[in-house]
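Content type mmCIF, C-alpha atoms, from the file start36.cif:
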```cif
data_query
loop_
_atom_site.label_atom_id
_atom_site.label_comp_id
_atom_site.auth_asym_id
_atom_site.auth_seq_id
_atom_site.Cartn_x
_atom_site.Cartn_y
_atom_site.Cartn_z
CA MET A 23 0.00 0.00 0.00
CA LEU A 24 1.36 3.44 -0.89
CA TYR A 25 -0.43 5.21 1.98
CA SER A 26 0.78 4.86 5.55
CA GLU A 27 -1.49 5.47 8.53
CA SER A 28 1.51 6.17 10.79
CA ALA A 29 2.86 9.01 8.67
CA SER A 30 1.71 12.58 9.08
CA PRO A 31 -0.92 13.19 6.42
CA THR A 32 0.24 14.96 3.30
CA LEU A 33 -1.88 17.39 1.31
CA ILE A 34 -3.42 14.73 -0.92
CA ASN A 35 -4.52 12.67 2.09
CA GLU A 36 -6.35 15.71 3.43
CA LEU A 37 -7.98 16.53 0.08
CA VAL A 38 -8.71 12.99 -1.15
CA PRO A 39 -8.99 10.56 1.77
CA PRO A 40 -8.15 6.91 1.09
CA LEU A 41 -11.03 4.91 -0.35
CA GLU A 42 -12.11 1.40 0.55
CA HIS A 43 -9.64 0.25 -2.12
CA PRO A 44 -6.78 2.78 -1.83
CA TRP A 45 -4.93 1.29 -4.81
CA ILE A 46 -7.62 2.72 -7.14
CA ARG A 47 -7.02 6.21 -5.76
CA ASN A 48 -3.25 5.74 -5.97
CA ILE A 49 -3.40 4.57 -9.60
CA VAL A 50 -5.55 7.55 -10.58
CA LEU A 51 -3.25 9.96 -8.72
CA ALA A 52 -0.11 8.43 -10.27
CA LEU A 53 -1.59 8.65 -13.78
CA ALA A 54 -2.66 12.26 -13.21
CA GLY A 55 0.78 13.11 -11.81
CA SER A 56 2.56 11.57 -14.80
CA MET A 57 0.30 13.55 -17.14
CA ILE A 58 1.13 16.77 -15.27
CA LEU A 59 4.85 15.91 -15.54
CA THR A 60 4.43 15.36 -19.28
CA ILE A 61 2.72 18.72 -19.72
CA SER A 62 5.41 20.42 -17.62
CA SER A 63 8.12 18.95 -19.86
CA LYS A 64 6.60 20.71 -22.85
CA LEU A 65 6.62 24.11 -21.06
CA GLN A 66 10.22 25.02 -21.70
CA ILE A 67 12.84 27.56 -22.56
CA PRO A 68 15.08 26.00 -25.19
CA MET A 69 18.69 25.82 -23.98
CA TYR A 70 21.67 23.76 -24.97
CA PRO A 71 22.23 20.97 -24.01
CA VAL A 72 19.29 20.70 -21.57
CA PRO A 73 16.15 22.84 -21.85
CA ILE A 74 14.77 24.67 -18.83
CA THR A 75 11.38 23.12 -18.05
CA MET A 76 8.74 23.26 -15.32
CA GLN A 77 9.47 19.63 -14.38
CA PRO A 78 11.61 20.27 -11.28
CA PHE A 79 8.83 22.42 -9.82
CA VAL A 80 6.20 19.77 -10.55
CA VAL A 81 8.40 16.99 -9.11
CA LEU A 82 8.85 18.93 -5.86
CA ILE A 83 5.14 19.70 -5.61
CA LEU A 84 4.25 16.05 -6.29
CA GLY A 85 6.64 14.94 -3.58
CA MET A 86 5.24 17.33 -1.01
CA ALA A 87 1.61 16.69 -1.92
CA LEU A 88 1.62 12.92 -2.48
CA GLY A 89 4.15 11.71 0.05
CA SER A 90 7.32 9.72 -0.53
CA ARG A 91 6.07 6.41 -1.89
CA LEU A 92 3.24 7.67 -4.08
CA ALA A 93 5.37 10.52 -5.47
CA ALA A 94 8.24 8.13 -6.24
CA ALA A 95 5.79 5.72 -7.86
CA THR A 96 4.37 8.59 -9.95
CA VAL A 97 7.81 9.62 -11.20
CA ALA A 98 8.70 5.95 -11.83
CA LEU A 99 5.52 5.62 -13.92
CA TYR A 100 6.52 8.74 -15.88
CA LEU A 101 10.00 7.30 -16.49
CA LEU A 102 8.50 3.96 -17.53
CA GLU A 103 6.23 5.72 -20.01
CA GLY A 104 9.25 7.48 -21.46
CA ALA A 105 11.32 4.26 -21.56
CA MET A 106 8.49 2.60 -23.50
CA GLY A 107 8.84 5.25 -26.20
CA LEU A 108 5.99 7.61 -25.38
CA ALA A 109 6.80 11.26 -26.12
CA VAL A 110 6.61 12.40 -22.49
CA PHE A 111 10.02 14.08 -22.19
CA ALA A 112 11.15 17.53 -23.29
CA ASN A 113 12.05 17.78 -26.98
CA THR A 114 10.58 14.39 -27.88
CA PRO A 115 10.24 13.03 -30.49
CA GLU A 116 12.69 15.47 -32.12
CA LYS A 117 15.62 14.31 -29.96
CA GLY A 118 14.64 10.66 -29.88
CA LEU A 119 12.46 8.41 -27.77
CA GLY A 120 12.79 5.69 -25.19
CA ILE A 121 15.94 4.51 -23.49
CA GLY A 122 18.15 6.28 -26.05
CA TYR A 123 16.71 9.63 -24.98
CA MET A 124 17.05 8.74 -21.31
CA LEU A 125 20.75 7.99 -21.77
CA GLY A 126 21.29 11.40 -23.36
CA THR A 127 22.04 14.72 -21.73
CA THR A 128 18.88 14.83 -19.59
CA GLY A 129 19.23 11.33 -18.13
CA GLY A 130 20.72 12.46 -14.83
CA TYR A 131 17.95 14.96 -14.27
CA LEU A 132 15.35 12.25 -14.88
CA VAL A 133 16.99 10.02 -12.24
CA GLY A 134 17.19 13.00 -9.90
CA PHE A 135 13.44 13.54 -10.25
CA PHE A 136 12.80 10.14 -8.67
CA PHE A 137 15.04 10.74 -5.66
CA ALA A 138 13.91 14.35 -5.17
CA ALA A 139 10.23 13.33 -5.19
CA PHE A 140 10.94 10.64 -2.60
CA LEU A 141 12.98 13.00 -0.38
CA CYS A 142 10.44 15.84 -0.51
CA GLY A 143 7.63 13.40 0.18
CA LYS A 144 9.45 11.81 3.11
CA LEU A 145 10.13 15.18 4.72
CA ALA A 146 6.53 16.30 4.10
CA GLU A 147 5.28 13.13 5.80
CA GLN A 148 7.37 14.09 8.83
CA GLY A 149 5.61 17.46 9.02
CA TRP A 150 8.25 19.63 7.39
CA ASP A 151 5.67 21.07 5.01
CA ARG A 152 3.80 22.89 7.78
CA SER A 153 5.81 26.12 7.67
CA TYR A 154 7.12 28.39 4.95
CA LYS A 155 10.73 28.14 6.10
CA LYS A 156 10.78 24.35 6.20
CA THR A 157 8.90 24.13 2.89
CA PHE A 158 11.54 26.39 1.33
CA LEU A 159 14.25 24.15 2.82
CA ILE A 160 12.58 20.97 1.51
CA MET A 161 12.26 22.38 -1.99
CA THR A 162 15.84 23.62 -1.95
CA LEU A 163 17.06 20.15 -0.89
CA GLY A 164 14.94 18.62 -3.66
CA LEU A 165 16.51 20.92 -6.25
CA VAL A 166 19.98 20.10 -4.95
CA VAL A 167 19.22 16.39 -5.48
CA ILE A 168 17.91 16.98 -9.01
CA TYR A 169 20.88 19.13 -10.00
CA PHE A 170 23.39 16.80 -8.33
CA PHE A 171 22.27 13.90 -10.51
CA GLY A 172 21.69 16.08 -13.57
CA VAL A 173 24.99 17.94 -13.57
CA SER A 174 26.95 14.81 -12.60
CA TRP A 175 25.49 12.93 -15.57
CA LEU A 176 25.89 15.91 -17.87
CA SER A 177 29.59 16.20 -16.95
CA LEU A 178 30.11 12.70 -18.36
CA GLN A 179 28.60 13.58 -21.75
CA PRO A 180 31.01 14.36 -24.60
CA PHE A 181 31.02 17.81 -26.17
CA PRO A 182 29.79 18.02 -29.78
CA GLY A 183 32.55 16.92 -32.11
CA GLU A 184 34.54 15.37 -29.29
CA SER A 185 35.49 11.74 -29.76
CA VAL A 186 34.73 9.33 -26.94
CA THR A 187 37.61 7.13 -25.86
CA PHE A 188 37.77 4.72 -22.97
#
```

Would it be possible to restate this file's structure as structure tokens?
Amino acid sequence: MLYSESASPTLINELVPPLEHPWIRNIVLALAGSMILTISSKLQIPMYPVPITMQPFVVLILGMALGSRLAAATVALYLLEGAMGLAVFANTPEKGLGIGYMLGTTGGYLVGFFFAAFLCGKLAEQGWDRSYKKTFLIMTLGLVVIYFFGVSWLSLQPFPGESVTF
């Protein structure tokens, strides 16, 4: 089950209480979250090599609103959709689809989304989302996670025209 009675309730648990079959609610929420992530990937400022999108903001909000496990499951569903070849990522299908796209310049950011959503959700479940200062701190930590994975992966990518040797 993706909802824990022992955890402090997150925003979604206050707005949409668990049903008799909570997995139905969780599936609907995960699908809606992955659709919002897809839309946010298309809202972008083109940059090289990685566009600036609304995805980090949406990932942080999903984490804080859904809690750690449901937010991580939502991002995992989004990544699975992309791995299957659906055009859910920024600049798809122009820059490719599926695993090939995920191994490109944005791959680290995509991995960072998963961990940031989990971290923000875990801290929100512990009550850190009840004040502006702690919410700011949670979101800053989430961004640090996203950019740690993204920039680390990006630093391993060859420059255009550079030959790759091992």

| query | How would you write, as an MDAnalysis selection string, the residues chosen by the PyMOL selection byres ((chain A and resi 32) around 6) on this structure? | reply | chainID A and resid 31 33:35 87 147

Report as an mmCIF file with C-alpha atoms, in the frame of the given file the full result of the PyMOL selection byres ((chain A and resi 100) around 8) when it is applied to this structure.
```cif
data_model
loop_
_atom_site.group_PDB
_atom_site.id
_atom_site.type_symbol
_atom_site.label_atom_id
_atom_site.label_comp_id
_atom_site.auth_asym_id
_atom_site.auth_seq_id
_atom_site.Cartn_x
_atom_site.Cartn_y
_atom_site.Cartn_z
ATOM 1 C CA SER A 56 2.560 11.570 -14.800
ATOM 2 C CA MET A 57 0.300 13.550 -17.140
ATOM 3 C CA LEU A 59 4.850 15.910 -15.540
ATOM 4 C CA THR A 60 4.430 15.360 -19.280
ATOM 5 C CA THR A 96 4.370 8.590 -9.950
ATOM 6 C CA VAL A 97 7.810 9.620 -11.200
ATOM 7 C CA ALA A 98 8.700 5.950 -11.830
ATOM 8 C CA LEU A 99 5.520 5.620 -13.920
ATOM 9 C CA LEU A 101 10.000 7.300 -16.490
ATOM 10 C CA LEU A 102 8.500 3.960 -17.530
ATOM 11 C CA GLU A 103 6.230 5.720 -20.010
ATOM 12 C CA GLY A 104 9.250 7.480 -21.460
ATOM 13 C CA VAL A 110 6.610 12.400 -22.490
#
```

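The set of residues that the PyMOL selection byres ((chain A and resi 91) around 9) takes from this file is Leu24, Tyr25, Gly85, Leu88, Gly89, Ser90, Leu92, Ala93, Ala94, Ala95, Thr96, Ala139, Phe140, Gly143 and Lys144 of chain A.
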
| task | For atom CA of A:Val166 and atom CA of A:Met69, determine how far apart the two atoms are, in Å to one decimal place. | result | 19.9 Å

| message | Nearest residue to A:Leu65 out of A:Met86, A:Met161, A:Ala112, A:Cys142, using all atoms listed in the file? | response | A:Ala112

| query | How many Å lie between atom CA of A:Ala146 and atom CA of A:Leu165, rounded to one decimal? | reply |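 About the pair atom CA of A:Ala146 and atom CA of A:Leu165: they are 15.1 Å apart.
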
| message | Just want the 10 Å neighbourhood of stretch 115-131 of chain A, counted on only C-alpha atoms, with same-chain residues fewer than 5 positions away dropped. Output as a count of residues only. | response | 32

| message | Please report the interatomic distance between atom CA of A:Val80 and atom CA of A:Leu41 in Å with one decimal. | response |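 Distance between the two atoms: 24.9 Å.
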